[in-house]
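**Student:** Dropping the structure in here first, questions after.
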Amino acid sequence: MAQPAYDGSEGYFPIQGDRVAAYDLQQGTQRWMVSAQPLSAPVVGGGLLFLEQTGSLSALRVKDGSVAWTVPA
């Protein structure tokens with residue numbers, strides 16, 4: 001399982017069951033959860049969460065977890 005990524009008071013956690021969850025660390029609340037299988041630690045920046053997955057590189061919008069773009073790897 002990949003390591004989490006942090007951006008200020010936000011945390012992005014790959015979890016078992018092939019999901020990634022975003023949490024507000026100050027409030028202790030989950031913001032969103034999406035289906036994903038990151039191969040390495042996610043990277044966050046510019047309002048996007050970047051995920052390396054089997055056969056692709058994806059960017060999710062940190063505000064809601066929606067896919068901004070995906071390209072083949």
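Each chain of the structure tokens is named A, B, ... in the order shown, its residues numbered from 1; ligands are numbered from 1 in display order.
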Applying 8 Å and only C-alpha atoms, which residues near A:Trp69 remain after dropping the ones on its own chain fewer than 3 positions away? List them as a ChimeraX atom specification.
**Tutor:** /A:58-60
**Student:** Neighbours of stretch 12-22 of chain A within 6 Å (only C-alpha atoms; same-chain residues fewer than 2 positions away dropped), as an MDAnalysis selection string?
**Tutor:** chainID A and resid 4:5 30:37
**Student:** Which residues, written as a PyMOL selection string, have at least one atom at most 12 Å from A:Thr70, with only C-alpha atoms counted and residues fewer than 3 positions away on the same chain left out?
**Tutor:** chain A and resi 49-61+66-67+73
**Student:** Take the residues just selected and output them with C-alpha atoms as a PDB file, in the first residue's frame.
**Tutor:**
```pdb
ATOM      1  CA  LEU A  49      -3.794  14.887  -6.443  1.00  0.00           C
ATOM      2  CA  PHE A  50      -1.588  12.904  -8.829  1.00  0.00           C
ATOM      3  CA  LEU A  51      -1.855   9.104  -8.836  1.00  0.00           C
ATOM      4  CA  GLU A  52       0.327   6.574 -10.633  1.00  0.00           C
ATOM      5  CA  GLN A  53      -1.830   3.536 -11.391  1.00  0.00           C
ATOM      6  CA  THR A  54      -1.315   0.445 -13.510  1.00  0.00           C
ATOM      7  CA  GLY A  55      -1.176   1.736 -17.085  1.00  0.00           C
ATOM      8  CA  SER A  56      -2.030   5.370 -16.320  1.00  0.00           C
ATOM      9  CA  LEU A  57      -1.256   8.622 -14.542  1.00  0.00           C
ATOM     10  CA  SER A  58      -4.276  10.485 -13.192  1.00  0.00           C
ATOM     11  CA  ALA A  59      -4.975  13.825 -11.557  1.00  0.00           C
ATOM     12  CA  LEU A  60      -7.913  14.178  -9.177  1.00  0.00           C
ATOM     13  CA  ARG A  61      -9.369  17.511  -8.059  1.00  0.00           C
ATOM     14  CA  SER A  66     -13.307  14.058  -9.464  1.00  0.00           C
ATOM     15  CA  VAL A  67     -10.945  13.151 -12.319  1.00  0.00           C
ATOM     16  CA  ALA A  73       1.626   5.492 -18.741  1.00  0.00           C
TER      17      ALA A  73
END
```
**Student:** Which residues are near A:Gln27? Cut-off 12 Å, only C-alpha atoms, ignore same chain within fewer than 3 positions. Put them as a list in words.
**Tutor:**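 The residues that qualify are Ser9, Glu10, Gly11, Tyr23, Asp24, Gln30 and Arg31 of chain A.
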**Student:** Calculate how many Å separate atom CA of A:Gly45 from atom CA of A:Tyr6, rounding to one decimal.
**Tutor:**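 Computing it gives 9.6 Å between the two atoms.
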**Student:** Report, in Å to a single decimal, how far apart atom CA of A:Pro42 and atom CA of A:Gly65 are.
**Tutor:**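 Atom-to-atom, atom CA of A:Gly65 to atom CA of A:Pro42, that is 12.9 Å.
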**Student:** How many Å lie between atom CA of A:Gly8 and atom CA of A:Leu25, rounded to one decimal?
**Tutor:**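 Taking atom CA of A:Gly8 and atom CA of A:Leu25, their separation equals 8.8 Å.
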